Amino acid sequence: MRKAAQVVFATLWWATFGLVSALMFVGATVCFVLTAPFDRRRVVQHLYSCFWAQIMFYLNPFWRLKIEGRGKLPWRGPAVLVANHASLGDILVLFGLYRPYKWVSKAAVFKSPFLGWNMRYNGYVPLVRGDKASIIEMSARCHAWLEMGAPILMFPEGTRSPDAEVKAFKDGAFRLAIEAGCPLYPIVHTGTADTLPKHGLLVKPVANCHVRVMDPVDPANFHGDVGAFRDHVRELIVAERARMLAQ
């Protein structure tokens, strides 16, 4: 009986998600046409996308989201944001930061209807994992956005964790912050694995999601040592996540 109820909820959720995405994409197109000529950083487009993502929380009173430390994040200026990655739900909750950053995301996602098309409107950065040319292009695009004063958000684990535990970090985000000489903000979240699990489509009806923005870390303190910088930030995120789960 419980399984059947989950299937019914998931079916309704995905149907609603599809309808919302189709309707919101119309607005995204209008937003792009009206703002792109003068909004070089696509700030308005991104804030519209934040609202789009948050609709799925607004519609479900049993999905709760608490965000702490949002005010630490800059509205303008180069910065690298990194977050742990447990679920597709991470994307929904991190849009709740309502700050004008640029996602780095799998190139395949940009081909998806509505969501992927809107990602192109926003100027988010595609990446083909393991492809050297794509990695070089991604780095160049990220540097270009940072020079324009747009922060970059990356998942340093590279892919979603199957058990919500924080996996090993890759170097990219930390090398980017060192090269750009900009602050790096660790962001920790819990509860997103209860929204959209890595494998399967059974969306859970109840979730308590919590996001905490930590104080920025200055890459200059690591004197170009990418590995030490990476490991330090991972330790901060792991320790903070443990504190949040214990609360």
# chains A, B, ... in the order shown; residues from 1 in each chain; ligands from 1

$ residues_around --residues "Trp145 of chain A" --least-positions-apart "4" --cutoff "12 Å" --atoms "only C-alpha atoms" --output "list in words"
Arg40, Arg41, Arg42, Val43, Arg76, Gly77, Pro78, Ala79, Val80, Pro100, Tyr101, Lys102, Trp103, Val104, Asn122, Gly123, Tyr124, Val125, Met138, Ser139, Ala140, Arg141, Gly149, Ala150, Pro151, Ile152, Leu153, Leu176 and Ala180 of chain A

$ select_by_dssp --residues "segment 127-224 of chain A" --states "strand (DSSP E or B)" --output "PyMOL selection string"
chain A and resi 127+152-154+184-190+207-213+217

$ write_last_selection --atoms "N, CA, C and O atoms" --output "PDB file, in the first residue's frame"
ATOM      1  N   LEU A 127      29.848  20.946 -19.522  1.00  0.00           N
ATOM      2  CA  LEU A 127      31.076  20.169 -19.359  1.00  0.00           C
ATOM      3  C   LEU A 127      30.821  18.720 -19.734  1.00  0.00           C
ATOM      4  O   LEU A 127      29.849  18.114 -19.276  1.00  0.00           O
ATOM      5  N   ILE A 152      30.699  31.424  -9.882  1.00  0.00           N
ATOM      6  CA  ILE A 152      30.549  30.107 -10.490  1.00  0.00           C
ATOM      7  C   ILE A 152      30.216  29.096  -9.403  1.00  0.00           C
ATOM      8  O   ILE A 152      30.836  29.106  -8.333  1.00  0.00           O
ATOM      9  N   LEU A 153      29.223  28.233  -9.646  1.00  0.00           N
ATOM     10  CA  LEU A 153      28.887  27.171  -8.690  1.00  0.00           C
ATOM     11  C   LEU A 153      29.203  25.808  -9.299  1.00  0.00           C
ATOM     12  O   LEU A 153      28.775  25.504 -10.417  1.00  0.00           O
ATOM     13  N   MET A 154      29.941  24.987  -8.541  1.00  0.00           N
ATOM     14  CA  MET A 154      30.345  23.671  -9.018  1.00  0.00           C
ATOM     15  C   MET A 154      30.121  22.630  -7.923  1.00  0.00           C
ATOM     16  O   MET A 154      30.154  22.938  -6.724  1.00  0.00           O
ATOM     17  N   LEU A 184      36.456  31.403  -2.210  1.00  0.00           N
ATOM     18  CA  LEU A 184      35.671  30.195  -2.449  1.00  0.00           C
ATOM     19  C   LEU A 184      34.734  29.991  -1.261  1.00  0.00           C
ATOM     20  O   LEU A 184      35.177  30.015  -0.107  1.00  0.00           O
ATOM     21  N   TYR A 185      33.450  29.803  -1.559  1.00  0.00           N
ATOM     22  CA  TYR A 185      32.430  29.640  -0.520  1.00  0.00           C
ATOM     23  C   TYR A 185      31.984  28.180  -0.445  1.00  0.00           C
ATOM     24  O   TYR A 185      31.346  27.685  -1.379  1.00  0.00           O
ATOM     25  N   PRO A 186      32.275  27.480   0.648  1.00  0.00           N
ATOM     26  CA  PRO A 186      31.722  26.128   0.820  1.00  0.00           C
ATOM     27  C   PRO A 186      30.234  26.222   1.185  1.00  0.00           C
ATOM     28  O   PRO A 186      29.842  27.048   2.011  1.00  0.00           O
ATOM     29  N   ILE A 187      29.426  25.392   0.557  1.00  0.00           N
ATOM     30  CA  ILE A 187      27.994  25.338   0.829  1.00  0.00           C
ATOM     31  C   ILE A 187      27.637  23.892   1.178  1.00  0.00           C
ATOM     32  O   ILE A 187      28.000  22.965   0.439  1.00  0.00           O
ATOM     33  N   VAL A 188      26.959  23.715   2.274  1.00  0.00           N
ATOM     34  CA  VAL A 188      26.630  22.377   2.768  1.00  0.00           C
ATOM     35  C   VAL A 188      25.115  22.227   2.816  1.00  0.00           C
ATOM     36  O   VAL A 188      24.405  23.144   3.239  1.00  0.00           O
ATOM     37  N   HIS A 189      24.632  21.088   2.381  1.00  0.00           N
ATOM     38  CA  HIS A 189      23.187  20.855   2.467  1.00  0.00           C
ATOM     39  C   HIS A 189      22.916  19.423   2.912  1.00  0.00           C
ATOM     40  O   HIS A 189      23.721  18.507   2.689  1.00  0.00           O
ATOM     41  N   THR A 190      21.781  19.243   3.544  1.00  0.00           N
ATOM     42  CA  THR A 190      21.313  17.928   3.976  1.00  0.00           C
ATOM     43  C   THR A 190      19.848  17.781   3.571  1.00  0.00           C
ATOM     44  O   THR A 190      19.155  18.768   3.329  1.00  0.00           O
ATOM     45  N   ALA A 207      10.218  15.848   2.854  1.00  0.00           N
ATOM     46  CA  ALA A 207      11.655  16.113   2.897  1.00  0.00           C
ATOM     47  C   ALA A 207      11.905  17.368   3.726  1.00  0.00           C
ATOM     48  O   ALA A 207      11.154  18.341   3.648  1.00  0.00           O
ATOM     49  N   ASN A 208      12.956  17.330   4.517  1.00  0.00           N
ATOM     50  CA  ASN A 208      13.402  18.492   5.277  1.00  0.00           C
ATOM     51  C   ASN A 208      14.812  18.832   4.817  1.00  0.00           C
ATOM     52  O   ASN A 208      15.777  18.168   5.202  1.00  0.00           O
ATOM     53  N   CYS A 209      14.919  19.838   3.990  1.00  0.00           N
ATOM     54  CA  CYS A 209      16.190  20.212   3.389  1.00  0.00           C
ATOM     55  C   CYS A 209      16.776  21.425   4.119  1.00  0.00           C
ATOM     56  O   CYS A 209      16.051  22.353   4.483  1.00  0.00           O
ATOM     57  N   HIS A 210      18.069  21.387   4.285  1.00  0.00           N
ATOM     58  CA  HIS A 210      18.753  22.427   5.045  1.00  0.00           C
ATOM     59  C   HIS A 210      20.017  22.810   4.277  1.00  0.00           C
ATOM     60  O   HIS A 210      20.807  21.941   3.915  1.00  0.00           O
ATOM     61  N   VAL A 211      20.191  24.089   4.013  1.00  0.00           N
ATOM     62  CA  VAL A 211      21.370  24.602   3.311  1.00  0.00           C
ATOM     63  C   VAL A 211      22.077  25.602   4.210  1.00  0.00           C
ATOM     64  O   VAL A 211      21.434  26.459   4.819  1.00  0.00           O
ATOM     65  N   ARG A 212      23.392  25.480   4.297  1.00  0.00           N
ATOM     66  CA  ARG A 212      24.166  26.427   5.102  1.00  0.00           C
ATOM     67  C   ARG A 212      25.363  26.918   4.285  1.00  0.00           C
ATOM     68  O   ARG A 212      26.170  26.113   3.803  1.00  0.00           O
ATOM     69  N   VAL A 213      25.459  28.226   4.127  1.00  0.00           N
ATOM     70  CA  VAL A 213      26.601  28.840   3.450  1.00  0.00           C
ATOM     71  C   VAL A 213      27.667  29.144   4.499  1.00  0.00           C
ATOM     72  O   VAL A 213      27.403  29.840   5.489  1.00  0.00           O
ATOM     73  N   VAL A 217      36.653  31.010   1.932  1.00  0.00           N
ATOM     74  CA  VAL A 217      38.036  30.572   2.146  1.00  0.00           C
ATOM     75  C   VAL A 217      38.909  31.298   1.125  1.00  0.00           C
ATOM     76  O   VAL A 217      38.593  31.315  -0.071  1.00  0.00           O
TER      77      VAL A 217
END

$ residues_around --residues "Phe17 of chain A" --least-positions-apart "5" --cutoff "9 Å" --atoms "only C-alpha atoms" --output "CSV table (one decimal) with N, CA, C and O atoms, in the first residue's frame"
chain,number,residue,atom,x,y,z
A,12,LEU,N,2.2,12.1,-9.9
A,12,LEU,CA,1.7,13.4,-9.9
A,12,LEU,C,2.8,14.5,-9.9
A,12,LEU,O,2.6,15.5,-10.5
A,22,ALA,N,7.1,23.5,-18.8
A,22,ALA,CA,6.6,24.0,-20.0
A,22,ALA,C,6.1,25.4,-19.9
A,22,ALA,O,6.4,26.3,-20.8
A,56,MET,N,8.5,24.0,-7.0
A,56,MET,CA,8.2,22.6,-6.6
A,56,MET,C,8.2,22.5,-5.0
A,56,MET,O,7.6,21.6,-4.5

$ closest_residue --among "A:Leu65, A:Ala107, A:Ile135, A:Ala83" --to "Phe155 of chain A" --atoms "only C-alpha atoms"
A:Ala83

$ closest_residue --among "A:Arg241, A:Lys72, A:Lys170, A:Arg175" --to "Phe222 of chain A" --atoms "only C-alpha atoms"
A:Arg175

$ atom_distance --atom1 "atom CA of Leu202 of chain A" --atom2 "atom CA of Trp117 of chain A"
25.1 Å

$ select_by_dssp --residues "segment 19-163 of chain A" --states "helix (DSSP H, G or I)" --output "PyMOL selection string"
chain A and resi 19-35+43-58+70-72+89-95+107-111+115-122+132-147

$ write_last_selection --atoms "C-alpha atoms" --output "JSON list (two decimals), in the first residue's frame"
[["chain", "number", "residue", "atom", "x", "y", "z"],
["A", 19, "LEU", "CA", 3.62, 21.18, -16.79],
["A", 20, "VAL", "CA", 5.38, 23.80, -14.67],
["A", 21, "SER", "CA", 8.53, 23.52, -16.80],
["A", 22, "ALA", "CA", 6.60, 24.00, -20.05],
["A", 23, "LEU", "CA", 4.73, 27.03, -18.72],
["A", 24, "MET", "CA", 7.74, 28.61, -17.06],
["A", 25, "PHE", "CA", 9.84, 28.20, -20.19],
["A", 26, "VAL", "CA", 7.45, 30.53, -22.00],
["A", 27, "GLY", "CA", 8.15, 33.16, -19.37],
["A", 28, "ALA", "CA", 11.88, 32.39, -19.55],
["A", 29, "THR", "CA", 11.85, 33.10, -23.26],
["A", 30, "VAL", "CA", 10.08, 36.42, -22.76],
["A", 31, "CYS", "CA", 12.53, 37.27, -19.97],
["A", 32, "PHE", "CA", 15.50, 36.48, -22.20],
["A", 33, "VAL", "CA", 14.23, 38.57, -25.11],
["A", 34, "LEU", "CA", 13.52, 41.57, -22.86],
["A", 35, "THR", "CA", 16.62, 41.51, -20.65],
["A", 43, "VAL", "CA", 21.01, 38.30, -13.47],
["A", 44, "VAL", "CA", 17.29, 38.70, -14.12],
["A", 45, "GLN", "CA", 17.21, 35.45, -16.10],
["A", 46, "HIS", "CA", 18.89, 33.59, -13.26],
["A", 47, "LEU", "CA", 16.57, 35.00, -10.60],
["A", 48, "TYR", "CA", 13.61, 33.95, -12.74],
["A", 49, "SER", "CA", 15.16, 30.47, -12.89],
["A", 50, "CYS", "CA", 15.52, 30.47, -9.11],
["A", 51, "PHE", "CA", 11.79, 31.11, -8.74],
["A", 52, "TRP", "CA", 11.04, 28.41, -11.34],
["A", 53, "ALA", "CA", 13.03, 25.83, -9.36],
["A", 54, "GLN", "CA", 11.48, 26.83, -6.06],
["A", 55, "ILE", "CA", 7.93, 26.32, -7.33],
["A", 56, "MET", "CA", 8.22, 22.61, -6.57],
["A", 57, "PHE", "CA", 8.80, 23.52, -2.91],
["A", 58, "TYR", "CA", 6.04, 26.11, -2.90],
["A", 70, "ARG", "CA", 22.58, 33.42, 2.14],
["A", 71, "GLY", "CA", 23.70, 36.97, 2.91],
["A", 72, "LYS", "CA", 27.36, 35.92, 2.83],
["A", 89, "GLY", "CA", 17.17, 17.80, -5.50],
["A", 90, "ASP", "CA", 20.41, 19.67, -4.75],
["A", 91, "ILE", "CA", 19.76, 21.80, -7.80],
["A", 92, "LEU", "CA", 16.27, 22.76, -6.63],
["A", 93, "VAL", "CA", 17.47, 23.79, -3.17],
["A", 94, "LEU", "CA", 20.58, 25.66, -4.34],
["A", 95, "PHE", "CA", 18.48, 27.77, -6.66],
["A", 107, "ALA", "CA", 26.68, 19.07, -21.35],
["A", 108, "ALA", "CA", 23.93, 16.50, -21.96],
["A", 109, "VAL", "CA", 21.55, 18.40, -19.66],
["A", 110, "PHE", "CA", 21.65, 21.42, -21.98],
["A", 111, "LYS", "CA", 19.86, 19.33, -24.62],
["A", 115, "LEU", "CA", 15.25, 23.11, -18.57],
["A", 116, "GLY", "CA", 18.24, 22.69, -20.85],
["A", 117, "TRP", "CA", 17.06, 25.44, -23.17],
["A", 118, "ASN", "CA", 16.72, 27.79, -20.23],
["A", 119, "MET", "CA", 20.23, 26.86, -19.10],
["A", 120, "ARG", "CA", 21.46, 28.17, -22.44],
["A", 121, "TYR", "CA", 19.52, 31.40, -21.91],
["A", 122, "ASN", "CA", 21.35, 31.80, -18.60],
["A", 132, "LYS", "CA", 40.09, 17.37, -22.23],
["A", 133, "ALA", "CA", 38.86, 19.87, -24.84],
["A", 134, "SER", "CA", 35.59, 20.33, -22.95],
["A", 135, "ILE", "CA", 37.45, 20.87, -19.67],
["A", 136, "ILE", "CA", 39.62, 23.56, -21.28],
["A", 137, "GLU", "CA", 36.54, 25.27, -22.76],
["A", 138, "MET", "CA", 34.72, 25.06, -19.42],
["A", 139, "SER", "CA", 37.65, 26.69, -17.64],
["A", 140, "ALA", "CA", 37.80, 29.49, -20.20],
["A", 141, "ARG", "CA", 34.07, 30.19, -19.89],
["A", 142, "CYS", "CA", 34.25, 30.18, -16.10],
["A", 143, "HIS", "CA", 37.14, 32.66, -16.13],
["A", 144, "ALA", "CA", 35.19, 34.89, -18.53],
["A", 145, "TRP", "CA", 32.17, 34.95, -16.21],
["A", 146, "LEU", "CA", 34.36, 35.59, -13.17],
["A", 147, "GLU", "CA", 35.97, 38.55, -14.94]]

$ residues_around --residues "Val226 of chain A" --least-positions-apart "3" --cutoff "9 Å" --atoms "only C-alpha atoms" --output "ChimeraX atom specification"
/A:171-172,174-175,178,219,222-223,229-231
